[in-house]
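J.: There's a structure below that I have some questions on.
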Amino acid sequence: MAAVRSVFRVRGLLQHCLYRNSASFAVRNVHAGSNKIPRQGRQMSSQTLDLEEDKPQFPGSRSEFTKKLEFITPDVYNGIPVYRVLDRQGKIIEADQDPKLSKEAVYDMYHKMTLLNTMDRILYESQRQGRISFYMTNYGEEATHMGSAAALNPGDIVFGQYREAGVLMYRGFTLDQFMNQCYGNAEDAGRGRQMPVHYGSKDLNFVTISSPLGTQMPQASGAAYALKRSGKRLCVICYFGDGAASEGDAHAAFNFAATLECPIIFFCRNNGYAISTPTSEQYRGDGIAARGPSYGMATLRVDGNDAFAVYNAVKAARELAVNENRPVLIEAMTYRIGHHSTSDDSTAYRSVDEVNYWDKQDHPIGRLRHYMVNQGWWDMEKEKAWMKQARNEVMQAFQRAEKKKKPPPSELFYDTYKEMPPHLQQQREQMRTHVAQYPENYPLDNFEKDRD
């Protein structure tokens with residue numbers, strides 16, 4: 001009898017309900033030595049099979065039966081549309097999609113977008129002059145930063161990749177903090193242990209960036225699950241690029257977040273290139289957004305050069321994540337105008353004309369500027385005055401950071417353990433002896449003194 005009931009469970013609840021009476025009768029006949037099922041039982045079984053054919057009972061899918069053998073091919077579907085609010089001339093396309101941001105809020109967004117752009121130019125040239133070791137610019141992606149950051153709660157946790165400096169800037173990370181980190185001086189919160197642009201701030205809920213591609217994604221899902229368990233009405237936002245989406249960590253993060261119903265926003269900056277690999281060689285499907293529904297996530301594709309569209313998208317995604325404990329995938333379509341990093345020369349794999357188009361015709365800063373001009377809030381005189389002020393602010397922070405001493409070399413051994421174990425103490429003393437033996441190679445006057 002138990003075996004028969006097991007069969008019923010596999011076939012599904014519907015069959016179990018319809019077939020229960022006749023099956024019980026059939027089992028009694030089998031136990032009595034009969035191998036025949038009564039006519040009434042045969043009729044009920046036929047009806048049950050017909051119902052099953054109407055609706056599959058297989059676990060793990062939502063589908064209907066079909067009599068046609070047809071493969072699903074990607075070319076039969078239209079691409080997922082790109083949501084936008086502003087056209088390229090800075091005009092609102094549909095009035096009901098206007099976020100109705102105040103003049104002060106738009107000013108703040110524009111000021112930070114242009115300040116980030118100015119900082120990028122100065123620090124990029126600084127690396128070219130040998131004054132810092134490495135840098136990555138954010139040219140062309142400023143709207144993805146400011147638009148998304150403006151829609152978040154300050155308590156929301158941010159997991160960045162390495163091109164989200166604007167999110168930190170919007171949250172209050174100062175120019176001095178940016179400069180100190182890139183110079184790795186004694187005022188750097190990381191004490192010079194990280195590469196430039198690997199920012200982090202506990203106070204601003206921005207998890208420190210790590211170099212390996214995609215590692216922040218499953219970590220972000222775990223953090224979102226912790227927020228859910230804590231009962232806090234907050235979410236996690238995880239930034240990543242189109243290249244990181246090809247990592248196995250992306251699959252793990254998406255699947256965990258969906259099955260555990262985590263309050264997280266996966267924000268993909270699809271900027272066209274994974275270092276030198278174009279999207280045409282990165283994937284064959286309809287971008288990253290097409291993957292969202294297959295993982296069971298609410299999904300939206302947005303114009304990443306439209307700060308208002310990004311703002312609306314992230315605001316709505318946050319409401320969904322927090323109110324319903326659901327992961328959301330946003331794919332922001334944008335373009336990386338700069339080189340991947342100071343270690344890259346993008347002219348080897350893309351044309352100057354291609355870059356110039358995005359820089360001159362569809363730049364996110366230019367689009368927001370057009371909007372401000374259309375509103376009567378901005379003009380060329382204000383633009384010149386602000387750009388001069390922005391450059392002065394960046395240069396002053398740059399000069400302050402460059403003059404500060406480096407952390408002592410012994411800082412290498414601290415902050416891993418609460419109490420330094422004997423083997424690290426031994427290595428620290430060996431390092432000190434070595435440095436003292438070759439003073440011509442270690443200009444300690446440029447470094448602060450050891451802790452002890």
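Every chain in the structure tokens takes a letter, A first, then B, and so on in the order presented; its residues are numbered from 1, and the ligands are numbered from 1 following the presented order.
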Residues of range 163-239 of chain A in helix (DSSP H, G or I) according to DSSP, as a PyMOL selection string?
T.: chain A and resi 165-171+175-183+216-230
J.: I need the residues of range 155-311 of chain A that end up classed as strand (DSSP E) by DSSP on the backbone, written out as a list of chain:residue names.
T.: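 Here are the strand (DSSP E) residues of range 155-311 of chain A: A:Ile157, A:Val158, A:Phe159, A:Phe206, A:Val207, A:Val236, A:Ile237, A:Cys238, A:Tyr239, A:Phe240, A:Gly241, A:Ile264, A:Ile265, A:Phe266, A:Phe267, A:Cys268, A:Arg269, A:Asn270, A:Tyr273, A:Ala274, A:Thr277, A:Pro278, A:Ala298, A:Thr299, A:Leu300, A:Arg301, A:Val302, A:Asp303.
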J.: Tell me, as a PyMOL selection string, which residues lie within 12 Å of Met146 in chain A, counting only C-alpha atoms; anything in the same chain fewer than 3 positions away does not count.
T.: chain A and resi 105-116+138+141-143+149-152+164-172+304-312+314+364-365+368
J.: Between CA of Gly241 in chain A and CA of Arg269 in chain A, what is the spacing in Å?
T.: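 For CA of Arg269 in chain A relative to CA of Gly241 in chain A, the distance reads 4.9 Å.
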J.: Can I get the residues of range 205-250 of chain A within 10 Å of range 273-282 of chain A, each with the closest pair of atoms and their distance in Å to one decimal, using only C-alpha atoms, sorted chain first then ascending number, as a Markdown table?
T.:
| residue | atom | partner | partner_atom | distance |
| --- | --- | --- | --- | --- |
| A:Gly241 | CA | A:Ala274 | CA | 7.5 |
| A:Asp242 | CA | A:Ala274 | CA | 6.5 |
| A:Gly243 | CA | A:Ala274 | CA | 4.6 |
| A:Ala244 | CA | A:Ala274 | CA | 7.9 |
| A:Ala245 | CA | A:Gln282 | CA | 9.3 |
| A:Ser246 | CA | A:Gln282 | CA | 7.5 |
J.: Keeping all heavy atoms, export the residues of the selection given above as a short mmCIF file (atom, residue, chain, number, x, y, z; two decimals), in the first residue's frame.
T.:
data_model
loop_
_atom_site.label_atom_id
_atom_site.label_comp_id
_atom_site.auth_asym_id
_atom_site.auth_seq_id
_atom_site.Cartn_x
_atom_site.Cartn_y
_atom_site.Cartn_z
N GLY A 241 30.27 43.97 -14.10
CA GLY A 241 30.30 44.28 -15.52
C GLY A 241 29.87 43.10 -16.37
O GLY A 241 29.65 41.99 -15.88
N ASP A 242 29.77 43.34 -17.66
CA ASP A 242 29.36 42.28 -18.58
C ASP A 242 30.38 41.15 -18.59
O ASP A 242 30.02 39.98 -18.79
CB ASP A 242 29.14 42.83 -19.98
CG ASP A 242 30.29 43.71 -20.44
OD1 ASP A 242 30.35 44.88 -20.01
OD2 ASP A 242 31.13 43.25 -21.24
N GLY A 243 31.64 41.47 -18.37
CA GLY A 243 32.66 40.43 -18.32
C GLY A 243 32.53 39.56 -17.08
O GLY A 243 32.65 38.33 -17.14
N ALA A 244 32.26 40.18 -15.93
CA ALA A 244 32.10 39.43 -14.68
C ALA A 244 30.91 38.48 -14.76
O ALA A 244 30.88 37.45 -14.08
CB ALA A 244 31.93 40.38 -13.51
N ALA A 245 29.92 38.82 -15.59
CA ALA A 245 28.74 37.97 -15.73
C ALA A 245 29.07 36.62 -16.35
O ALA A 245 28.26 35.69 -16.29
CB ALA A 245 27.68 38.67 -16.57
N SER A 246 30.26 36.48 -16.93
CA SER A 246 30.68 35.21 -17.50
C SER A 246 31.39 34.32 -16.48
O SER A 246 31.73 33.18 -16.78
CB SER A 246 31.62 35.44 -18.70
OG SER A 246 30.93 36.06 -19.76
#
J.: Give me the residues within 12 Å of range 377-379 of chain A as an MDAnalysis selection string, counting only C-alpha atoms and dropping any in the same chain fewer than 4 places off.
T.: chainID A and resid 102:104 106:107 110:111 368:373 383:386
J.: With N, CA and C atoms kept, could you save the residues just selected as a PDB file, in the first residue's frame?
T.:
ATOM      1  N   SER A 102      14.257  67.531  -7.294  1.00  0.00           N
ATOM      2  CA  SER A 102      14.374  68.963  -7.058  1.00  0.00           C
ATOM      3  C   SER A 102      15.588  69.533  -7.781  1.00  0.00           C
ATOM      4  N   LYS A 103      15.600  70.835  -7.928  1.00  0.00           N
ATOM      5  CA  LYS A 103      16.730  71.513  -8.549  1.00  0.00           C
ATOM      6  C   LYS A 103      18.011  71.208  -7.785  1.00  0.00           C
ATOM      7  N   GLU A 104      17.921  71.204  -6.454  1.00  0.00           N
ATOM      8  CA  GLU A 104      19.101  70.937  -5.624  1.00  0.00           C
ATOM      9  C   GLU A 104      19.607  69.509  -5.825  1.00  0.00           C
ATOM     10  N   VAL A 106      19.248  67.617  -8.546  1.00  0.00           N
ATOM     11  CA  VAL A 106      19.860  67.510  -9.876  1.00  0.00           C
ATOM     12  C   VAL A 106      21.220  68.206  -9.884  1.00  0.00           C
ATOM     13  N   TYR A 107      21.301  69.352  -9.243  1.00  0.00           N
ATOM     14  CA  TYR A 107      22.584  70.044  -9.118  1.00  0.00           C
ATOM     15  C   TYR A 107      23.624  69.126  -8.469  1.00  0.00           C
ATOM     16  N   TYR A 110      24.717  66.398 -10.835  1.00  0.00           N
ATOM     17  CA  TYR A 110      25.571  66.910 -11.905  1.00  0.00           C
ATOM     18  C   TYR A 110      26.949  67.303 -11.370  1.00  0.00           C
ATOM     19  N   HIS A 111      26.975  67.967 -10.227  1.00  0.00           N
ATOM     20  CA  HIS A 111      28.259  68.371  -9.643  1.00  0.00           C
ATOM     21  C   HIS A 111      29.154  67.159  -9.377  1.00  0.00           C
ATOM     22  N   LEU A 368      22.508  65.185 -19.092  1.00  0.00           N
ATOM     23  CA  LEU A 368      21.967  65.836 -17.898  1.00  0.00           C
ATOM     24  C   LEU A 368      22.155  67.351 -17.974  1.00  0.00           C
ATOM     25  N   ARG A 369      23.257  67.791 -18.586  1.00  0.00           N
ATOM     26  CA  ARG A 369      23.483  69.226 -18.767  1.00  0.00           C
ATOM     27  C   ARG A 369      22.404  69.820 -19.667  1.00  0.00           C
ATOM     28  N   HIS A 370      22.057  69.109 -20.733  1.00  0.00           N
ATOM     29  CA  HIS A 370      20.987  69.576 -21.620  1.00  0.00           C
ATOM     30  C   HIS A 370      19.688  69.750 -20.838  1.00  0.00           C
ATOM     31  N   TYR A 371      19.389  68.802 -19.970  1.00  0.00           N
ATOM     32  CA  TYR A 371      18.167  68.897 -19.170  1.00  0.00           C
ATOM     33  C   TYR A 371      18.190  70.147 -18.295  1.00  0.00           C
ATOM     34  N   MET A 372      19.313  70.407 -17.644  1.00  0.00           N
ATOM     35  CA  MET A 372      19.425  71.561 -16.760  1.00  0.00           C
ATOM     36  C   MET A 372      19.299  72.871 -17.541  1.00  0.00           C
ATOM     37  N   VAL A 373      19.887  72.905 -18.720  1.00  0.00           N
ATOM     38  CA  VAL A 373      19.769  74.095 -19.568  1.00  0.00           C
ATOM     39  C   VAL A 373      18.320  74.289 -20.001  1.00  0.00           C
ATOM     40  N   GLU A 383      28.762  76.847 -16.003  1.00  0.00           N
ATOM     41  CA  GLU A 383      29.584  75.675 -16.346  1.00  0.00           C
ATOM     42  C   GLU A 383      31.064  75.991 -16.179  1.00  0.00           C
ATOM     43  N   LYS A 384      31.510  77.103 -16.726  1.00  0.00           N
ATOM     44  CA  LYS A 384      32.925  77.464 -16.635  1.00  0.00           C
ATOM     45  C   LYS A 384      33.349  77.682 -15.195  1.00  0.00           C
ATOM     46  N   ALA A 385      32.503  78.362 -14.414  1.00  0.00           N
ATOM     47  CA  ALA A 385      32.842  78.643 -13.017  1.00  0.00           C
ATOM     48  C   ALA A 385      32.942  77.345 -12.211  1.00  0.00           C
ATOM     49  N   TRP A 386      31.993  76.428 -12.440  1.00  0.00           N
ATOM     50  CA  TRP A 386      32.009  75.174 -11.685  1.00  0.00           C
ATOM     51  C   TRP A 386      33.189  74.301 -12.084  1.00  0.00           C
TER      52      TRP A 386
END
J.: Can you measure CA of Lys315 in chain A to CA of Ser294 in chain A for me? One decimal in Å is fine.
T.: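 CA of Ser294 in chain A lies at a distance of 23.1 Å from CA of Lys315 in chain A.
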J.: Near Asp286 in chain A, counting only C-alpha atoms, which residues have an atom at most 9 Å away, once you skip same-chain residues fewer than 5 positions from it, shown as a count of residues only?
T.: 5
J.: Measuring atom to atom with only C-alpha atoms, identify which of A:Val207, A:Ala397, A:Ile132, A:Ala257 is nearest to Ala226 in chain A.
T.: A:Ala257
J.: Between A:Thr416, A:Thr66, A:Thr215, A:Asn271, which has the minimum distance to Gly287 in chain A (counting only C-alpha atoms)?
T.: A:Asn271
J.: I'd like the contact shell of Gln97 in chain A - 12 Å cut-off, only C-alpha atoms, skipping same-chain residues fewer than 2 positions apart - returned as an MDAnalysis selection string.
T.: chainID A and resid 83:86 91:95 99:101 308:313 316
J.: Emit the selected residues as an mmCIF file, in the first residue's frame, including N, CA and C atoms.
T.:
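Below is the file that was written, again_9.cif:
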data_model
loop_
_atom_site.group_PDB
_atom_site.id
_atom_site.type_symbol
_atom_site.label_atom_id
_atom_site.label_comp_id
_atom_site.auth_asym_id
_atom_site.auth_seq_id
_atom_site.Cartn_x
_atom_site.Cartn_y
_atom_site.Cartn_z
ATOM 1 N N TYR A 83 14.735 50.849 -21.129
ATOM 2 C CA TYR A 83 13.923 51.888 -20.490
ATOM 3 C C TYR A 83 14.712 53.189 -20.414
ATOM 4 N N ARG A 84 14.079 54.300 -20.794
ATOM 5 C CA ARG A 84 14.729 55.596 -20.656
ATOM 6 C C ARG A 84 13.690 56.667 -20.354
ATOM 7 N N VAL A 85 14.169 57.768 -19.803
ATOM 8 C CA VAL A 85 13.324 58.899 -19.431
ATOM 9 C C VAL A 85 13.688 60.134 -20.248
ATOM 10 N N LEU A 86 15.002 60.383 -20.367
ATOM 11 C CA LEU A 86 15.504 61.545 -21.117
ATOM 12 C C LEU A 86 15.962 61.132 -22.503
ATOM 13 N N LYS A 91 15.446 66.033 -22.941
ATOM 14 C CA LYS A 91 14.012 66.293 -22.802
ATOM 15 C C LYS A 91 13.298 65.056 -22.260
ATOM 16 N N ILE A 92 12.351 65.277 -21.340
ATOM 17 C CA ILE A 92 11.563 64.189 -20.785
ATOM 18 C C ILE A 92 10.676 63.604 -21.881
ATOM 19 N N ILE A 93 10.747 62.301 -22.085
ATOM 20 C CA ILE A 93 9.995 61.656 -23.162
ATOM 21 C C ILE A 93 8.537 61.465 -22.766
ATOM 22 N N GLU A 94 8.280 60.949 -21.576
ATOM 23 C CA GLU A 94 6.932 60.757 -21.066
ATOM 24 C C GLU A 94 6.828 61.458 -19.719
ATOM 25 N N ALA A 95 5.891 62.367 -19.588
ATOM 26 C CA ALA A 95 5.786 63.180 -18.376
ATOM 27 C C ALA A 95 5.589 62.345 -17.121
ATOM 28 N N PRO A 99 11.050 61.778 -12.706
ATOM 29 C CA PRO A 99 11.202 61.501 -11.270
ATOM 30 C C PRO A 99 10.918 62.707 -10.380
ATOM 31 N N LYS A 100 10.760 63.883 -11.005
ATOM 32 C CA LYS A 100 10.440 65.103 -10.261
ATOM 33 C C LYS A 100 11.489 65.410 -9.184
ATOM 34 N N LEU A 101 12.744 65.243 -9.544
ATOM 35 C CA LEU A 101 13.820 65.582 -8.615
ATOM 36 C C LEU A 101 13.928 67.091 -8.482
ATOM 37 N N PHE A 308 18.228 59.864 -14.961
ATOM 38 C CA PHE A 308 16.867 59.770 -14.435
ATOM 39 C C PHE A 308 16.307 58.352 -14.586
ATOM 40 N N ALA A 309 16.572 57.731 -15.707
ATOM 41 C CA ALA A 309 16.095 56.367 -15.923
ATOM 42 C C ALA A 309 16.747 55.406 -14.934
ATOM 43 N N VAL A 310 18.039 55.587 -14.703
ATOM 44 C CA VAL A 310 18.742 54.745 -13.733
ATOM 45 C C VAL A 310 18.157 54.957 -12.339
ATOM 46 N N TYR A 311 17.902 56.217 -12.002
ATOM 47 C CA TYR A 311 17.314 56.530 -10.701
ATOM 48 C C TYR A 311 15.965 55.839 -10.533
ATOM 49 N N ASN A 312 15.081 55.978 -11.510
ATOM 50 C CA ASN A 312 13.762 55.350 -11.434
ATOM 51 C C ASN A 312 13.870 53.838 -11.324
ATOM 52 N N ALA A 313 14.786 53.260 -12.106
ATOM 53 C CA ALA A 313 14.935 51.808 -12.129
ATOM 54 C C ALA A 313 15.386 51.274 -10.774
ATOM 55 N N ALA A 316 12.643 51.691 -8.014
ATOM 56 C CA ALA A 316 11.603 50.660 -8.116
ATOM 57 C C ALA A 316 12.147 49.291 -7.722
#
J.: Closest to Leu175 in chain A among A:Val82, A:Phe398, A:Ala298, A:Tyr283, using only C-alpha atoms?
T.: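 Among the listed residues, A:Phe398 lies closest to Leu175 in chain A.
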J.: Taking only C-alpha atoms into account, which of A:Phe267, A:Gln396, A:Ser341, A:Asp98 comes nearest Phe134 in chain A?
T.: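 The closest residue to Phe134 in chain A is A:Ser341.
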J.: Nearest to Asp203 in chain A among A:Ala223, A:Ile330, A:Val158, A:Val352, with distances taken over only C-alpha atoms: which residue is it?
T.: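 Of all the options, A:Val158 lies closest to Asp203 in chain A.
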J.: Determine, counting only C-alpha atoms, which protein, DNA and RNA residues have an atom within 12 Å of an atom of Pro81 in chain A; residues of the same chain fewer than 3 positions away are not included. Present the result as a PyMOL selection string.
T.: chain A and resi 77-78+84+286-287+289-290+299-303+331-333
J.: Report the distance between CA of Arg367 in chain A and CA of Lys382 in chain A in Å, rounded to one decimal place.
T.: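 Pair CA of Arg367 in chain A / CA of Lys382 in chain A returns 16.4 Å.
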